[in-house]
>>> print(open('entry.cif').read())   # mmCIF, C-alpha atoms and all ligand atoms
data_entry
loop_
_atom_site.label_atom_id
_atom_site.label_comp_id
_atom_site.auth_asym_id
_atom_site.auth_seq_id
_atom_site.Cartn_x
_atom_site.Cartn_y
_atom_site.Cartn_z
CA MET A 260 0.00 0.00 0.00
CA GLU A 261 1.25 3.49 -0.79
CA TYR A 262 -0.33 6.90 -0.46
CA ALA A 263 0.61 10.41 -1.36
CA PRO A 264 -0.53 12.75 1.42
CA SER A 265 -2.78 14.49 -1.13
CA ASP A 266 -4.71 11.20 -1.60
CA LEU A 267 -5.77 11.28 2.03
CA SER A 268 -7.98 13.46 4.19
CA GLN A 269 -6.39 15.09 7.24
CA ARG A 270 -8.01 12.45 9.48
CA GLU A 271 -6.68 9.63 7.28
CA ARG A 272 -3.16 11.09 7.35
CA TYR A 273 -3.36 11.24 11.13
CA LYS A 274 -4.30 7.57 11.18
CA VAL A 275 -1.53 6.52 8.79
CA LEU A 276 1.05 8.34 10.92
CA THR A 277 -0.13 7.44 14.41
CA SER A 278 -1.00 3.79 13.67
CA PHE A 279 2.65 3.02 12.94
CA VAL A 280 4.86 5.56 14.66
CA LEU A 281 4.38 4.07 18.08
CA PRO A 282 4.62 3.71 20.98
CA ARG A 283 4.95 7.45 21.46
CA PRO A 284 6.10 9.14 24.65
CA ILE A 285 3.58 11.42 26.28
CA ALA A 286 4.26 14.90 27.62
CA TRP A 287 1.84 15.56 30.46
CA VAL A 288 2.06 19.32 30.35
CA THR A 289 1.20 21.56 33.29
CA SER A 290 0.64 25.25 32.62
CA LEU A 291 -0.77 28.21 34.49
CA GLY A 292 -4.15 29.77 33.67
CA PRO A 293 -4.89 33.51 34.00
CA ASN A 294 -6.45 33.16 37.46
CA GLY A 295 -3.77 30.86 38.80
CA VAL A 296 -5.61 27.66 37.83
CA VAL A 297 -3.12 24.86 37.13
CA ASN A 298 -3.92 23.07 33.88
CA ALA A 299 -2.69 19.59 32.91
CA ALA A 300 -3.10 17.82 29.56
CA PRO A 301 -1.31 15.01 27.67
CA PHE A 302 0.38 15.42 24.27
CA SER A 303 1.87 12.48 22.37
CA PHE A 304 3.10 14.37 19.33
CA PHE A 305 6.09 14.91 21.60
CA ASN A 306 9.73 14.11 22.09
CA VAL A 307 13.08 15.52 23.20
CA PHE A 308 15.56 16.41 20.49
CA CYS A 309 18.68 17.94 21.92
CA GLU A 310 20.62 18.17 25.18
CA ASP A 311 22.60 21.37 24.66
CA PRO A 312 20.37 23.18 25.27
CA PRO A 313 17.83 20.59 26.43
CA LEU A 314 15.00 20.98 23.93
CA CYS A 315 11.65 19.27 23.70
CA MET A 316 8.80 19.82 21.28
CA PHE A 317 5.11 19.02 21.27
CA ALA A 318 2.24 19.86 18.95
CA VAL A 319 -1.07 21.38 20.01
CA ASN A 320 -3.90 21.34 17.51
CA ARG A 321 -7.11 23.36 17.72
CA ARG A 322 -10.31 21.84 19.04
CA PRO A 323 -12.81 20.73 16.33
CA GLY A 324 -14.68 24.05 16.68
CA GLY A 325 -11.42 25.97 16.09
CA GLN A 326 -11.01 26.92 19.75
CA GLU A 327 -7.47 27.10 21.16
CA LYS A 328 -6.59 24.56 23.83
CA ASP A 329 -5.92 25.86 27.35
CA THR A 330 -2.32 24.61 27.30
CA LEU A 331 -1.51 26.69 24.23
CA ALA A 332 -3.31 29.81 25.49
CA ASN A 333 -1.45 29.52 28.82
CA ILE A 334 1.95 29.02 27.21
CA ARG A 335 1.39 31.92 24.80
CA ARG A 336 0.71 34.13 27.84
CA THR A 337 3.39 32.92 30.28
CA SER A 338 6.07 31.26 28.08
CA GLU A 339 6.47 28.62 30.77
CA PHE A 340 5.34 25.02 31.23
CA VAL A 341 6.38 21.73 32.81
CA VAL A 342 6.65 18.45 30.92
CA ASN A 343 5.74 15.74 33.43
CA LEU A 344 5.96 12.05 32.51
CA ALA A 345 3.44 9.46 33.65
CA ASP A 346 4.43 6.04 34.92
CA GLU A 347 1.99 3.16 35.24
CA PRO A 348 0.19 4.29 38.43
CA LEU A 349 -0.41 7.75 36.94
CA THR A 350 -1.46 6.73 33.44
CA ARG A 351 -5.19 6.50 34.08
CA ALA A 352 -5.24 10.01 35.53
CA MET A 353 -3.12 11.27 32.64
CA HIS A 354 -5.66 9.81 30.21
CA GLU A 355 -8.58 11.33 32.12
CA SER A 356 -6.92 14.74 32.16
CA SER A 357 -7.40 14.84 28.37
CA GLY A 358 -11.13 15.47 28.89
CA ASP A 359 -12.63 18.68 27.53
CA PHE A 360 -12.64 20.79 30.71
CA PRO A 361 -13.28 24.56 30.66
CA PRO A 362 -10.28 26.79 31.47
CA GLU A 363 -11.51 27.52 34.99
CA ILE A 364 -11.35 23.83 35.92
CA GLY A 365 -7.83 22.70 36.75
CA GLU A 366 -7.42 19.02 35.86
CA PRO A 367 -5.03 18.26 38.78
CA ASP A 368 -7.52 19.73 41.24
CA HIS A 369 -10.47 18.01 39.55
CA LEU A 370 -8.72 14.61 39.50
CA GLY A 371 -7.20 14.89 42.98
CA LEU A 372 -3.59 15.06 41.75
CA LYS A 373 -1.06 16.67 44.07
CA LEU A 374 1.13 19.52 42.84
CA ALA A 375 4.63 20.53 43.90
CA PRO A 376 6.33 23.88 43.30
CA SER A 377 8.87 24.08 40.50
CA SER A 378 12.34 25.46 41.20
CA LYS A 379 12.89 27.88 38.29
CA ILE A 380 9.42 28.73 36.95
CA ALA A 381 6.02 29.66 38.39
CA VAL A 382 4.18 26.64 36.91
CA PRO A 383 4.05 23.74 39.39
CA ARG A 384 4.85 20.17 38.44
CA LEU A 385 2.80 17.11 39.34
CA ALA A 386 4.08 15.93 42.72
CA ASP A 387 4.02 12.19 41.93
CA THR A 388 5.59 12.32 38.49
CA PRO A 389 8.71 10.18 38.06
CA TRP A 390 10.40 12.88 35.95
CA ALA A 391 9.68 16.46 35.02
CA MET A 392 11.38 19.17 33.01
CA GLU A 393 10.62 22.80 33.76
CA CYS A 394 10.57 24.60 30.42
CA LYS A 395 10.64 28.10 29.00
CA THR A 396 9.38 28.56 25.46
CA TRP A 397 12.30 28.43 23.04
CA LYS A 398 10.34 28.82 19.82
CA THR A 399 6.82 28.31 18.51
CA MET A 400 5.87 27.45 14.94
CA GLU A 401 2.40 27.88 13.50
CA VAL A 402 1.38 25.07 11.12
CA ASN A 403 -1.44 25.77 8.66
CA GLY A 404 -3.34 27.83 11.20
CA ASP A 405 -4.67 24.80 13.05
CA ARG A 406 -1.64 23.59 14.98
CA VAL A 407 1.26 25.06 16.89
CA LEU A 408 4.58 23.32 17.51
CA ILE A 409 5.92 24.42 20.87
CA MET A 410 9.62 23.99 21.55
CA GLY A 411 10.65 24.28 25.17
CA GLU A 412 14.08 24.69 26.69
CA GLY A 413 14.50 22.69 29.88
CA VAL A 414 15.68 24.95 32.70
CA ASN A 415 15.40 22.42 35.51
CA PHE A 416 15.06 18.64 35.78
CA TYR A 417 13.26 16.79 38.54
CA ILE A 418 13.79 13.03 39.05
CA ARG A 419 12.05 11.00 41.74
CA ASP A 420 14.92 9.97 44.05
CA GLU A 421 14.31 6.20 44.11
CA LEU A 422 14.58 6.01 40.31
CA TRP A 423 18.04 7.49 39.97
CA ASP A 424 21.49 6.09 40.67
CA ARG A 425 23.34 9.36 41.26
CA ASP A 426 26.85 7.89 41.12
CA ALA A 427 26.36 6.04 37.85
CA MET A 428 23.97 8.74 36.48
CA ARG A 429 21.63 5.94 35.43
CA VAL A 430 17.96 5.22 35.85
CA HIS A 431 17.03 2.14 37.91
CA MET A 432 15.18 0.54 35.00
CA ASP A 433 13.64 -2.12 37.25
CA ARG A 434 11.87 0.66 39.18
CA TYR A 435 10.78 2.83 36.27
CA HIS A 436 7.60 1.83 34.44
CA PRO A 437 6.75 4.40 31.76
CA MET A 438 3.75 3.82 29.50
CA GLY A 439 3.66 4.58 25.80
CA ARG A 440 0.79 5.73 23.63
CA MET A 441 -0.32 3.31 20.95
CA PHE A 442 -3.30 4.96 19.24
CA ALA A 443 -6.65 6.40 20.29
CA ASP A 444 -7.24 5.21 23.86
CA ARG A 445 -4.67 2.40 23.77
CA TYR A 446 -1.43 2.41 25.73
CA CYS A 447 1.40 -0.04 26.27
CA ARG A 448 3.65 -1.02 29.15
CA THR A 449 7.40 -0.99 28.60
CA ASP A 450 8.50 -3.72 31.01
CA ASP A 451 9.40 -6.36 28.43
CA ARG A 452 12.91 -5.19 27.62
CA VAL A 453 15.58 -6.44 25.25
CA VAL A 454 19.32 -5.72 25.47
CA PHE A 455 21.82 -6.22 22.64
CA PRO A 456 25.60 -6.13 22.92
CA ALA A 457 27.10 -2.79 21.87
CA ALA A 458 27.36 -2.36 18.10
CA GLU A 459 30.89 -2.62 16.68
CA GLY A 460 33.08 0.32 17.61
CA VAL A 461 30.44 1.87 19.88
CA LYS A 462 31.02 2.49 23.57
CA THR A 463 27.81 2.08 25.61
CA ILE A 464 26.92 4.88 27.97
C1 LIG B 501 -2.45 10.18 25.32
C2 LIG B 501 -2.98 11.43 24.66
C3 LIG B 501 -2.18 12.14 23.79
C4 LIG B 501 -2.64 13.33 23.20
N1 LIG B 501 -1.82 13.99 22.34
C5 LIG B 501 -2.23 15.17 21.82
C6 LIG B 501 -1.35 15.90 20.97
O1 LIG B 501 -0.22 15.50 20.66
N2 LIG B 501 -1.78 17.11 20.51
C7 LIG B 501 -3.01 17.62 20.85
O2 LIG B 501 -3.34 18.73 20.43
N3 LIG B 501 -3.85 16.93 21.64
C8 LIG B 501 -3.49 15.74 22.15
N4 LIG B 501 -4.32 15.05 22.98
C9 LIG B 501 -5.61 15.66 23.36
C10 LIG B 501 -5.44 16.70 24.48
O3 LIG B 501 -4.86 16.11 25.63
C11 LIG B 501 -6.83 17.27 24.85
O4 LIG B 501 -7.33 17.99 23.73
C12 LIG B 501 -6.86 18.12 26.08
O5 LIG B 501 -8.21 18.34 26.45
C13 LIG B 501 -6.20 19.49 25.93
O6 LIG B 501 -6.36 20.12 27.16
P1 LIG B 501 -6.22 21.66 27.43
O7 LIG B 501 -7.35 22.40 26.74
O8 LIG B 501 -6.32 21.73 28.93
O9 LIG B 501 -4.88 22.10 26.91
C14 LIG B 501 -3.93 13.83 23.52
C15 LIG B 501 -4.75 13.08 24.39
C16 LIG B 501 -4.29 11.89 24.94
C17 LIG B 501 -5.18 11.10 25.85
#
>>> encode(input="entry.cif", output="structure tokens")
Amino acid sequence: MEYAPSDLSQRERYKVLTSFVLPRPIAWVTSLGPNGVVNAAPFSFFNVFCEDPPLCMFAVNRRPGGQEKDTLANIRRTSEFVVNLADEPLTRAMHESSGDFPPEIGEPDHLGLKLAPSSKIAVPRLADTPWAMECKTWKTMEVNGDRVLIMGEGVNFYIRDELWDRDAMRVHMDRYHPMGRMFADRYCRTDDRVVFPAAEGVKTI
């Protein structure tokens, strides 16, 4: 099967992309609303791309009626956000936080999720997240008027203590259970792991 993008509707292109490029990591983004409401929403058109400076990017599309999502409106106003990751115990709440809540309802408050202050920015992180990166907007790119790519520069990292071997600078993989997004409302666990010997001439980190 082959398609040119022009053969497909926008919805069909979305399906062709997201049915195969998976599992995708999920940025669970907290941002600050105009009246101090803390907003949280998941975004799986997301990844990190660079460590110097630490850059991440995620894509926010408009709602079907053309309305801007709260996350985007908040980041446009404050230029700050936190990328929190969800491990297995948090995944259900992460999924539920994608509901269509009005701006005055903060998803963490609504879902009973604890918050913790960030160190370098005003937006709090989720207290129980295994990992979070406090970000300032590095660049935004408008795509066809219905989507914005937001690039964030990480200005502070948080790692839950029990997950990190400080001396080796390594994650305790047996204690870290991230989930990936498959498609629609399907997710996957990442506990079935495979290790290969280092490729020729490559030093493992
Ligand atoms: C796992 C998951 C991944 C999602 N990824 C995206 C995404 O990459 N881009 C997007 O615009 N919406 C995505 N959504 C939908 C948003 O989370 C949803 O529209 C949310 O209500 C936005 O909230 P906000 O208005 O508080 O920003 C995703 C939803 C789920 C459950």
>>> closest_atom_pairs(input="entry.cif", of="chain A", to="ligand LIG 501 (chain B)", cutoff="9 Å", atoms="only C-alpha atoms and all ligand atoms", output="Markdown table")
| residue | atom | partner | partner_atom | distance |
| --- | --- | --- | --- | --- |
| A:Arg283 | CA | B:LIG501 | C1 | 8.8 |
| A:Pro284 | CA | B:LIG501 | C1 | 8.6 |
| A:Ile285 | CA | B:LIG501 | C1 | 6.2 |
| A:Ala286 | CA | B:LIG501 | C3 | 8.0 |
| A:Trp287 | CA | B:LIG501 | O3 | 8.3 |
| A:Val288 | CA | B:LIG501 | O9 | 8.2 |
| A:Thr289 | CA | B:LIG501 | O8 | 8.7 |
| A:Ser290 | CA | B:LIG501 | O9 | 8.5 |
| A:Asn298 | CA | B:LIG501 | O8 | 5.7 |
| A:Ala299 | CA | B:LIG501 | O8 | 5.8 |
| A:Ala300 | CA | B:LIG501 | O3 | 4.6 |
| A:Pro301 | CA | B:LIG501 | O3 | 4.2 |
| A:Phe302 | CA | B:LIG501 | N1 | 3.3 |
| A:Ser303 | CA | B:LIG501 | N1 | 4.0 |
| A:Phe304 | CA | B:LIG501 | O1 | 3.8 |
| A:Phe305 | CA | B:LIG501 | O1 | 6.4 |
| A:Phe317 | CA | B:LIG501 | O1 | 6.4 |
| A:Ala318 | CA | B:LIG501 | N2 | 5.1 |
| A:Val319 | CA | B:LIG501 | O2 | 3.5 |
| A:Asn320 | CA | B:LIG501 | O2 | 4.0 |
| A:Arg321 | CA | B:LIG501 | O2 | 6.6 |
| A:Arg322 | CA | B:LIG501 | O4 | 6.8 |
| A:Glu327 | CA | B:LIG501 | O7 | 7.3 |
| A:Lys328 | CA | B:LIG501 | O7 | 3.7 |
| A:Asp329 | CA | B:LIG501 | O7 | 3.8 |
| A:Thr330 | CA | B:LIG501 | O9 | 3.6 |
| A:Leu331 | CA | B:LIG501 | O9 | 6.3 |
| A:Ala332 | CA | B:LIG501 | O9 | 8.0 |
| A:Asn333 | CA | B:LIG501 | O9 | 8.4 |
| A:Thr350 | CA | B:LIG501 | C1 | 8.9 |
| A:Met353 | CA | B:LIG501 | C17 | 7.1 |
| A:His354 | CA | B:LIG501 | C17 | 4.6 |
| A:Glu355 | CA | B:LIG501 | C17 | 7.1 |
| A:Ser356 | CA | B:LIG501 | O5 | 6.9 |
| A:Ser357 | CA | B:LIG501 | O3 | 3.9 |
| A:Gly358 | CA | B:LIG501 | O5 | 4.8 |
| A:Asp359 | CA | B:LIG501 | O5 | 4.6 |
| A:Phe360 | CA | B:LIG501 | O5 | 6.6 |
| A:Pro361 | CA | B:LIG501 | O7 | 7.4 |
| A:Pro362 | CA | B:LIG501 | O8 | 6.9 |
| A:Ile364 | CA | B:LIG501 | O8 | 8.9 |
| A:Gly365 | CA | B:LIG501 | O8 | 8.0 |
| A:Glu366 | CA | B:LIG501 | O8 | 7.5 |
| A:Arg406 | CA | B:LIG501 | O2 | 7.5 |
| A:Val407 | CA | B:LIG501 | O2 | 8.6 |
| A:Gly439 | CA | B:LIG501 | C1 | 8.3 |
| A:Arg440 | CA | B:LIG501 | C1 | 5.8 |
| A:Met441 | CA | B:LIG501 | C1 | 8.4 |
| A:Phe442 | CA | B:LIG501 | C1 | 8.1 |
| A:Ala443 | CA | B:LIG501 | C17 | 7.4 |
| A:Asp444 | CA | B:LIG501 | C17 | 6.5 |
| A:Arg445 | CA | B:LIG501 | C1 | 8.2 |
| A:Tyr446 | CA | B:LIG501 | C1 | 7.8 |
>>> write_last_selection(input="entry.cif", atoms="C-alpha atoms", output="PDB file, in the coordinates of the input")
ATOM      1  CA  ARG A 283       4.950   7.450  21.460  1.00  0.00           C
ATOM      2  CA  PRO A 284       6.100   9.140  24.650  1.00  0.00           C
ATOM      3  CA  ILE A 285       3.580  11.420  26.280  1.00  0.00           C
ATOM      4  CA  ALA A 286       4.260  14.900  27.620  1.00  0.00           C
ATOM      5  CA  TRP A 287       1.840  15.560  30.460  1.00  0.00           C
ATOM      6  CA  VAL A 288       2.060  19.320  30.350  1.00  0.00           C
ATOM      7  CA  THR A 289       1.200  21.560  33.290  1.00  0.00           C
ATOM      8  CA  SER A 290       0.640  25.250  32.620  1.00  0.00           C
ATOM      9  CA  ASN A 298      -3.920  23.070  33.880  1.00  0.00           C
ATOM     10  CA  ALA A 299      -2.690  19.590  32.910  1.00  0.00           C
ATOM     11  CA  ALA A 300      -3.100  17.820  29.560  1.00  0.00           C
ATOM     12  CA  PRO A 301      -1.310  15.010  27.670  1.00  0.00           C
ATOM     13  CA  PHE A 302       0.380  15.420  24.270  1.00  0.00           C
ATOM     14  CA  SER A 303       1.870  12.480  22.370  1.00  0.00           C
ATOM     15  CA  PHE A 304       3.100  14.370  19.330  1.00  0.00           C
ATOM     16  CA  PHE A 305       6.090  14.910  21.600  1.00  0.00           C
ATOM     17  CA  PHE A 317       5.110  19.020  21.270  1.00  0.00           C
ATOM     18  CA  ALA A 318       2.240  19.860  18.950  1.00  0.00           C
ATOM     19  CA  VAL A 319      -1.070  21.380  20.010  1.00  0.00           C
ATOM     20  CA  ASN A 320      -3.900  21.340  17.510  1.00  0.00           C
ATOM     21  CA  ARG A 321      -7.110  23.360  17.720  1.00  0.00           C
ATOM     22  CA  ARG A 322     -10.310  21.840  19.040  1.00  0.00           C
ATOM     23  CA  GLU A 327      -7.470  27.100  21.160  1.00  0.00           C
ATOM     24  CA  LYS A 328      -6.590  24.560  23.830  1.00  0.00           C
ATOM     25  CA  ASP A 329      -5.920  25.860  27.350  1.00  0.00           C
ATOM     26  CA  THR A 330      -2.320  24.610  27.300  1.00  0.00           C
ATOM     27  CA  LEU A 331      -1.510  26.690  24.230  1.00  0.00           C
ATOM     28  CA  ALA A 332      -3.310  29.810  25.490  1.00  0.00           C
ATOM     29  CA  ASN A 333      -1.450  29.520  28.820  1.00  0.00           C
ATOM     30  CA  THR A 350      -1.460   6.730  33.440  1.00  0.00           C
ATOM     31  CA  MET A 353      -3.120  11.270  32.640  1.00  0.00           C
ATOM     32  CA  HIS A 354      -5.660   9.810  30.210  1.00  0.00           C
ATOM     33  CA  GLU A 355      -8.580  11.330  32.120  1.00  0.00           C
ATOM     34  CA  SER A 356      -6.920  14.740  32.160  1.00  0.00           C
ATOM     35  CA  SER A 357      -7.400  14.840  28.370  1.00  0.00           C
ATOM     36  CA  GLY A 358     -11.130  15.470  28.890  1.00  0.00           C
ATOM     37  CA  ASP A 359     -12.630  18.680  27.530  1.00  0.00           C
ATOM     38  CA  PHE A 360     -12.640  20.790  30.710  1.00  0.00           C
ATOM     39  CA  PRO A 361     -13.280  24.560  30.660  1.00  0.00           C
ATOM     40  CA  PRO A 362     -10.280  26.790  31.470  1.00  0.00           C
ATOM     41  CA  ILE A 364     -11.350  23.830  35.920  1.00  0.00           C
ATOM     42  CA  GLY A 365      -7.830  22.700  36.750  1.00  0.00           C
ATOM     43  CA  GLU A 366      -7.420  19.020  35.860  1.00  0.00           C
ATOM     44  CA  ARG A 406      -1.640  23.590  14.980  1.00  0.00           C
ATOM     45  CA  VAL A 407       1.260  25.060  16.890  1.00  0.00           C
ATOM     46  CA  GLY A 439       3.660   4.580  25.800  1.00  0.00           C
ATOM     47  CA  ARG A 440       0.790   5.730  23.630  1.00  0.00           C
ATOM     48  CA  MET A 441      -0.320   3.310  20.950  1.00  0.00           C
ATOM     49  CA  PHE A 442      -3.300   4.960  19.240  1.00  0.00           C
ATOM     50  CA  ALA A 443      -6.650   6.400  20.290  1.00  0.00           C
ATOM     51  CA  ASP A 444      -7.240   5.210  23.860  1.00  0.00           C
ATOM     52  CA  ARG A 445      -4.670   2.400  23.770  1.00  0.00           C
ATOM     53  CA  TYR A 446      -1.430   2.410  25.730  1.00  0.00           C
TER      54      TYR A 446
END
>>> closest_residue(input="entry.cif", among="A:Asp420, A:Asp266, A:Asp346, A:Asp311", to="Pro437 in chain A", atoms="all atoms listed in the file")
A:Asp346
>>> atom_distance(input="entry.cif", atom1="CA of Thr388 in chain A", atom2="CA of Asn343 in chain A")
6.1 Å
>>> closest_residue(input="entry.cif", among="A:Pro383, A:Pro389, A:Pro456, A:Pro264", to="Val341 in chain A", atoms="only C-alpha atoms")
A:Pro383
>>> atom_distance(input="entry.cif", atom1="CA of Glu310 in chain A", atom2="CA of Ser278 in chain A")
28.4 Å
>>> residues_around(input="entry.cif", residues="Val430 in chain A", least_positions_apart="3", cutoff="12 Å", atoms="all atoms listed in the file", output="JSON list (two decimals) with C-alpha atoms, in the frame of the given file")
[["chain", "number", "residue", "atom", "x", "y", "z"],
["A", 389, "PRO", "CA", 8.71, 10.18, 38.06],
["A", 390, "TRP", "CA", 10.40, 12.88, 35.95],
["A", 418, "ILE", "CA", 13.79, 13.03, 39.05],
["A", 419, "ARG", "CA", 12.05, 11.00, 41.74],
["A", 420, "ASP", "CA", 14.92, 9.97, 44.05],
["A", 421, "GLU", "CA", 14.31, 6.20, 44.11],
["A", 422, "LEU", "CA", 14.58, 6.01, 40.31],
["A", 423, "TRP", "CA", 18.04, 7.49, 39.97],
["A", 424, "ASP", "CA", 21.49, 6.09, 40.67],
["A", 425, "ARG", "CA", 23.34, 9.36, 41.26],
["A", 426, "ASP", "CA", 26.85, 7.89, 41.12],
["A", 427, "ALA", "CA", 26.36, 6.04, 37.85],
["A", 433, "ASP", "CA", 13.64, -2.12, 37.25],
["A", 434, "ARG", "CA", 11.87, 0.66, 39.18],
["A", 435, "TYR", "CA", 10.78, 2.83, 36.27],
["A", 436, "HIS", "CA", 7.60, 1.83, 34.44],
["A", 437, "PRO", "CA", 6.75, 4.40, 31.76],
["A", 464, "ILE", "CA", 26.92, 4.88, 27.97]]
>>> closest_residue(input="entry.cif", among="A:Lys462, A:Arg384, A:His369, A:Lys379", to="Leu291 in chain A", atoms="only C-alpha atoms")
A:Arg384
>>> closest_residue(input="entry.cif", among="A:Gly295, A:Ala458, A:Leu281, A:Met392", to="Met438 in chain A", atoms="only C-alpha atoms")
A:Leu281
>>> residues_near_point(input="entry.cif", point="(15.1, 28.2, 32.1)", cutoff="12 Å", atoms="all atoms listed in the file", output="list in words")
Pro312, Pro313, Leu314, Ser338, Glu339, Phe340, Val341, Ser377, Ser378, Lys379, Ile380, Ala381, Met392, Glu393, Cys394, Lys395, Thr396, Trp397, Gly411, Glu412, Gly413, Val414, Asn415 and Phe416 of chain A
>>> atom_distance(input="entry.cif", atom1="CA of Gly404 in chain A", atom2="CA of Val382 in chain A")
26.8 Å
>>> closest_residue(input="entry.cif", among="A:Cys315, A:Arg335, A:Tyr273, A:Val280", to="Pro293 in chain A", atoms="only C-alpha atoms")
A:Arg335
>>> residues_around(input="entry.cif", residues="Met316 in chain A", least_positions_apart="5", cutoff="8 Å", atoms="all atoms listed in the file", output="ChimeraX atom specification")
/A:305-308,408-411
>>> closest_residue(input="entry.cif", among="A:Glu347, A:Val297, A:Val453, A:Met432", to="Leu374 in chain A", atoms="all atoms listed in the file")
A:Val297
>>> axis_aligned_box(input="entry.cif", around="range 377-394 of chain A", padding_each_side="4 Å", output="JSON")
{"center_x": 7.8, "center_y": 19.9, "center_z": 36.6, "size_x": 18.1, "size_y": 27.5, "size_z": 20.3}
>>> residues_around(input="entry.cif", residues="Glu261 in chain A", least_positions_apart="6", cutoff="12 Å", atoms="only C-alpha atoms", output="list in words")
Leu267, Arg272 and Val275 of chain A
>>> build_atoms(input="entry.cif", residues="range 328-341 of chain A", atoms="N, CA and C atoms", output="short mmCIF file (atom, residue, chain, number, x, y, z; two decimals), in the coordinates of the input")
data_model
loop_
_atom_site.label_atom_id
_atom_site.label_comp_id
_atom_site.auth_asym_id
_atom_site.auth_seq_id
_atom_site.Cartn_x
_atom_site.Cartn_y
_atom_site.Cartn_z
N LYS A 328 -6.62 25.34 22.59
CA LYS A 328 -6.59 24.56 23.83
C LYS A 328 -5.98 25.39 24.96
N ASP A 329 -6.38 25.08 26.19
CA ASP A 329 -5.92 25.86 27.35
C ASP A 329 -4.39 25.86 27.45
N THR A 330 -3.78 24.71 27.19
CA THR A 330 -2.32 24.61 27.30
C THR A 330 -1.65 25.65 26.40
N LEU A 331 -2.12 25.75 25.18
CA LEU A 331 -1.51 26.69 24.23
C LEU A 331 -1.75 28.13 24.68
N ALA A 332 -2.99 28.43 25.06
CA ALA A 332 -3.31 29.81 25.49
C ALA A 332 -2.43 30.17 26.70
N ASN A 333 -2.26 29.24 27.63
CA ASN A 333 -1.45 29.52 28.82
C ASN A 333 0.02 29.74 28.47
N ILE A 334 0.53 28.90 27.56
CA ILE A 334 1.95 29.02 27.21
C ILE A 334 2.19 30.29 26.39
N ARG A 335 1.25 30.66 25.55
CA ARG A 335 1.39 31.92 24.80
C ARG A 335 1.52 33.09 25.78
N ARG A 336 0.74 33.02 26.89
CA ARG A 336 0.71 34.13 27.84
C ARG A 336 1.92 34.16 28.76
N THR A 337 2.36 32.96 29.22
CA THR A 337 3.39 32.92 30.28
C THR A 337 4.76 32.48 29.78
N SER A 338 4.82 31.82 28.63
CA SER A 338 6.07 31.26 28.08
C SER A 338 6.73 30.25 29.02
N GLU A 339 5.93 29.62 29.84
CA GLU A 339 6.47 28.62 30.77
C GLU A 339 5.55 27.40 30.83
N PHE A 340 6.14 26.24 31.02
CA PHE A 340 5.34 25.02 31.23
C PHE A 340 6.24 23.94 31.80
N VAL A 341 5.62 22.89 32.32
CA VAL A 341 6.38 21.73 32.81
C VAL A 341 5.95 20.51 32.01
#
